[in-house]
Amino acid sequence: MKTIHKNQLAEIINLTKKIAQEKIAPQASKFDQANAFPRDALHILGESDLPALVLSESEDGFGGKRVELVAAVREIAKVCASTALVFTSHVVLLKAIDISGNDFLKKKWISDLTKFKSLGAFAVHEPDCGSNAGAISTVAVKDGRDYVVNGSKFFITSGEEANAYLVLVKTESEKGLNGMSTLLIEKNNPGLSFGQAEKKMGLKSTSSKEIFFSNCRIPEKNLIGDEGNGLEILGKSLIEWGFYGAAAISSGLAIAALEKAVRHAKERTIAGQPIGVHQGVQFLISDMVLGSETIETYLNSCASIADDKNDIAAINGFKAKLYASEKAIDVTNKAVQVLGGQGYCRENTVERLFRDARGLTLHFKTSEWLRQDIAKAVLKI
Ligand SMILES: Cc1cc2nc3c(=O)[nH]c(=O)nc-3n(C[C@H](O)[C@H](O)[C@H](O)COP(=O)(O)OP(=O)(O)OC[C@H]3O[C@@H](n4cnc5c(N)ncnc54)[C@H](O)[C@@H]3O)c2cc1C
């Protein structure tokens with residue numbers, strides 16, 4: 001078991017920032033335009049064991065909390081939101097194994113996942129379930145010591161690039177929400193196939209694909225947690241960790257957009273004056289400052305409180321993701337405005353930041369679902 005101190009966690013985050021700026025940033029636009037998966041970026045992050053940042057110390061990880069996850073993902077997202085989303089989706093599987101995996105799964109997967117020798121993803125969404133995980137149709141029927149899985153998952157980040165998926169299935173349909181389970185399903189399992197990559201507006205380097213399961217035989221030792229606890233496992237991994245990563249992507253995008261807009265407002269001159277002298281541009285910039293800073297401070301606060309009080313990790317994750325994702329669309333949109341026609345062109349990163357930010361109110365759980373979940377928690381209904 002490692003014993004890690006806070007200053008070492010800070011060093012890991014500084015290292016993430018250095019890798020992001022020196023190695024990932026130069027490739028980000030090129031990868032976006034080619035819809036290319038950021039395999040090199042993951043390799044470099046894996047060489048420094050960065051996925052182990054949030055792995056428990058008992059599993060030989062660095063034991064970082066949500067605050068550290070947010071800080072690391074934000075640094076990646078400032079330069080490449082697609083890489084940050086792939087990283088966050090990977091962390092969801094890693095945390096599920098860390099928190100609820102059996103010894104077999106831990107031994108087989110944790111070391112490779114922490115080095116990005118294997119890539120993880122999660123597969124919940126289906127064509128007919130929207131953000132309602134309880135409405136999935138994919139079934140896993142027990143046959144001897146295996147589960148036989150049939151169904152499909154839709155819009156899965158890292159699609160065919162991942163090696164293993166955290167898959168939500170129905171094991172006992174008649175038990176409703178208590179009849180759902182999570183299985184680790186390997187990519188090379190016979191009976192597993194993929195659809196075409198979605199042609200998305202943004203987050204173009206994330207390779208979103210449909211996954212089909214046709215009589216996939218999955219050994220029972222690949223069950224994560226207990227049978228019937230699928231939604232609980234998803235809550236502990238996707239919601240209590242993944243949602244903070246998702247919110248941090250929005251935070252990184254907003255910070256990057258503000259930096260670019262400020263630079264442009266100082267450098268772009270019209271009739272001998274920088275455009276930043278005009279009140280109209282100043283209003284845009286000040287709104288962006290408030291937007292970017294409130295995302296950052298609110299997210300940090302939600303994460304820090306959840307780190308101290310785990311029973312509110314889910315609701316704080318909902319709030320942080322909702323606020324960050326919606327505000328980041330506004331901030332990145334205003335950055336396009338500050339850059340004028342140049343902001344609308346591929347050569348300038350702000351159009352990518354805006355396109356990427358737009359996807360973040362849709363993935364995992366849409367804003368409408370998050371609003372309803374937050375209100376229900378407050379109203380206790
Ligand atoms: C970039 C990206 C990455 C993704 N990555 C993954 C992944 O890795 N793994 C995975 O499992 N899934 C992933 N998804 C899928 C994602 O979870 C779904 O897109 C999301 O849950 C919304 O479902 P939908 O697209 O079917 O929209 P729909 O459910 O059809 O929603 C359409 C509209 O109706 C609203 N709506 C629907 N039902 C209700 C309701 N009951 N109350 C109020 N409003 C409602 C929605 O809020 C939305 O505005 C990803 C999606 C995106 C965009």
# chains A, B, ... in the order shown; residues from 1 in each chain; ligands from 1
$ select_by_dssp --residues "region 141-261 of chain A" --states "strand (DSSP E)" --output "count of residues only"
47
$ residues_around --residues "Ile239 (chain A)" --least-positions-apart "5" --cutoff "10 Å" --atoms "only C-alpha atoms" --output "JSON, numbers by chain"
{"A": [92, 232, 233, 234, 244, 245, 246, 313, 314, 315, 316, 317, 318, 321, 364, 365]}
$ write_last_selection --atoms "N, CA and C atoms" --output "mmCIF file, in the first residue's frame"
data_model
loop_
_atom_site.group_PDB
_atom_site.id
_atom_site.type_symbol
_atom_site.label_atom_id
_atom_site.label_comp_id
_atom_site.auth_asym_id
_atom_site.auth_seq_id
_atom_site.Cartn_x
_atom_site.Cartn_y
_atom_site.Cartn_z
ATOM 1 N N VAL A 92 -14.420 5.796 -14.736
ATOM 2 C CA VAL A 92 -15.676 5.201 -14.250
ATOM 3 C C VAL A 92 -15.505 3.687 -14.072
ATOM 4 N N GLU A 232 -26.729 0.712 -7.990
ATOM 5 C CA GLU A 232 -25.884 1.202 -6.890
ATOM 6 C C GLU A 232 -24.415 1.305 -7.350
ATOM 7 N N ILE A 233 -23.959 0.300 -8.090
ATOM 8 C CA ILE A 233 -22.564 0.321 -8.583
ATOM 9 C C ILE A 233 -22.379 1.511 -9.528
ATOM 10 N N LEU A 234 -23.382 1.717 -10.365
ATOM 11 C CA LEU A 234 -23.328 2.850 -11.305
ATOM 12 C C LEU A 234 -23.286 4.180 -10.546
ATOM 13 N N TYR A 244 -18.266 14.272 -11.724
ATOM 14 C CA TYR A 244 -17.310 15.336 -11.367
ATOM 15 C C TYR A 244 -16.285 15.524 -12.486
ATOM 16 N N GLY A 245 -15.876 14.415 -13.087
ATOM 17 C CA GLY A 245 -14.972 14.521 -14.239
ATOM 18 C C GLY A 245 -15.652 15.265 -15.375
ATOM 19 N N ALA A 246 -16.927 14.938 -15.610
ATOM 20 C CA ALA A 246 -17.672 15.594 -16.690
ATOM 21 C C ALA A 246 -17.766 17.098 -16.444
ATOM 22 N N ALA A 313 -22.485 12.841 -2.270
ATOM 23 C CA ALA A 313 -21.656 12.871 -3.491
ATOM 24 C C ALA A 313 -22.518 12.851 -4.753
ATOM 25 N N ALA A 314 -23.622 12.099 -4.740
ATOM 26 C CA ALA A 314 -24.448 12.010 -5.952
ATOM 27 C C ALA A 314 -25.139 13.335 -6.238
ATOM 28 N N ILE A 315 -25.809 13.891 -5.259
ATOM 29 C CA ILE A 315 -26.558 15.134 -5.489
ATOM 30 C C ILE A 315 -25.599 16.282 -5.845
ATOM 31 N N ASN A 316 -24.442 16.324 -5.196
ATOM 32 C CA ASN A 316 -23.475 17.367 -5.548
ATOM 33 C C ASN A 316 -22.940 17.166 -6.965
ATOM 34 N N GLY A 317 -22.798 15.902 -7.365
ATOM 35 C CA GLY A 317 -22.366 15.621 -8.740
ATOM 36 C C GLY A 317 -23.392 16.115 -9.746
ATOM 37 N N PHE A 318 -24.679 15.905 -9.442
ATOM 38 C CA PHE A 318 -25.747 16.409 -10.327
ATOM 39 C C PHE A 318 -25.651 17.930 -10.455
ATOM 40 N N LYS A 321 -22.424 19.113 -12.356
ATOM 41 C CA LYS A 321 -22.467 18.849 -13.799
ATOM 42 C C LYS A 321 -23.469 19.777 -14.484
ATOM 43 N N PHE A 364 -24.244 11.437 -20.403
ATOM 44 C CA PHE A 364 -24.443 10.841 -19.068
ATOM 45 C C PHE A 364 -25.899 11.031 -18.577
ATOM 46 N N LYS A 365 -26.288 12.254 -18.274
ATOM 47 C CA LYS A 365 -27.681 12.576 -17.922
ATOM 48 C C LYS A 365 -27.918 13.968 -18.457
#
$ residues_near_ligand --ligand "ligand 1" --cutoff "6 Å" --atoms "only C-alpha atoms and all ligand atoms" --output "list in words"
Phe122, Ala123, Val124, His125, Gly130, Ser131, Phe155, Ile156, Thr157, Gly359, Leu362, His363, Phe364, Lys365, Thr366, Ser367, Glu368 and Trp369 of chain A
$ residues_around --residues "Glu47 (chain A)" --least-positions-apart "2" --cutoff "10 Å" --atoms "only C-alpha atoms" --output "list in words"
Leu42, His43, Ile44, Leu45, Asp49, Leu50, Pro51, Thr114, Lys115, Phe116 and Lys117 of chain A
$ closest_residue --among "A:Asn35, A:Ile76, A:Leu284, A:Thr88" --to "Ala197 (chain A)" --atoms "only C-alpha atoms"
A:Asn35
$ residues_around --residues "Ser250 (chain A)" --least-positions-apart "4" --cutoff "6 Å" --atoms "only C-alpha atoms" --output "PyMOL selection string"
chain A and resi 324-325+328
$ atom_distance --atom1 "CA of Leu183 (chain A)" --atom2 "CA of Ile249 (chain A)"
26.9 Å
$ residues_around --residues "Ala265 (chain A)" --least-positions-apart "2" --cutoff "6 Å" --atoms "only C-alpha atoms" --output "CSV table (one decimal) with C-alpha atoms, in the first residue's frame"
chain,number,residue,atom,x,y,z
A,262,VAL,CA,-8.8,38.0,-23.5
A,263,ARG,CA,-5.7,37.6,-25.7
A,267,GLU,CA,-4.2,41.9,-29.8
A,268,ARG,CA,-6.9,42.6,-32.4
A,275,ILE,CA,-11.1,45.9,-29.5
A,276,GLY,CA,-10.9,45.4,-25.7
$ residues_around --residues "region 209-211 of chain A" --least-positions-apart "6" --cutoff "9 Å" --atoms "only C-alpha atoms" --output "ChimeraX atom specification"
/A:123,126,151-160,192-198
$ residues_around --residues "Glu172 (chain A)" --least-positions-apart "6" --cutoff "9 Å" --atoms "only C-alpha atoms" --output "PyMOL selection string"
chain A and resi 139-141+178-181+227-228
$ closest_residue --among "A:Arg346, A:Pro127, A:Leu177, A:Ala84" --to "Lys30 (chain A)" --atoms "only C-alpha atoms"
A:Arg346
$ select_by_dssp --residues "region 292-381 of chain A" --states "helix (DSSP H, G or I)" --output "ChimeraX atom specification"
/A:292-308,310-343,350-361,367-379
$ atom_distance --atom1 "CA of Ala77 (chain A)" --atom2 "CA of Gly291 (chain A)"
16.4 Å
$ closest_residue --among "A:Glu68, A:Gly134, A:Leu322, A:Gly63" --to "Asp373 (chain A)" --atoms "only C-alpha atoms"
A:Leu322
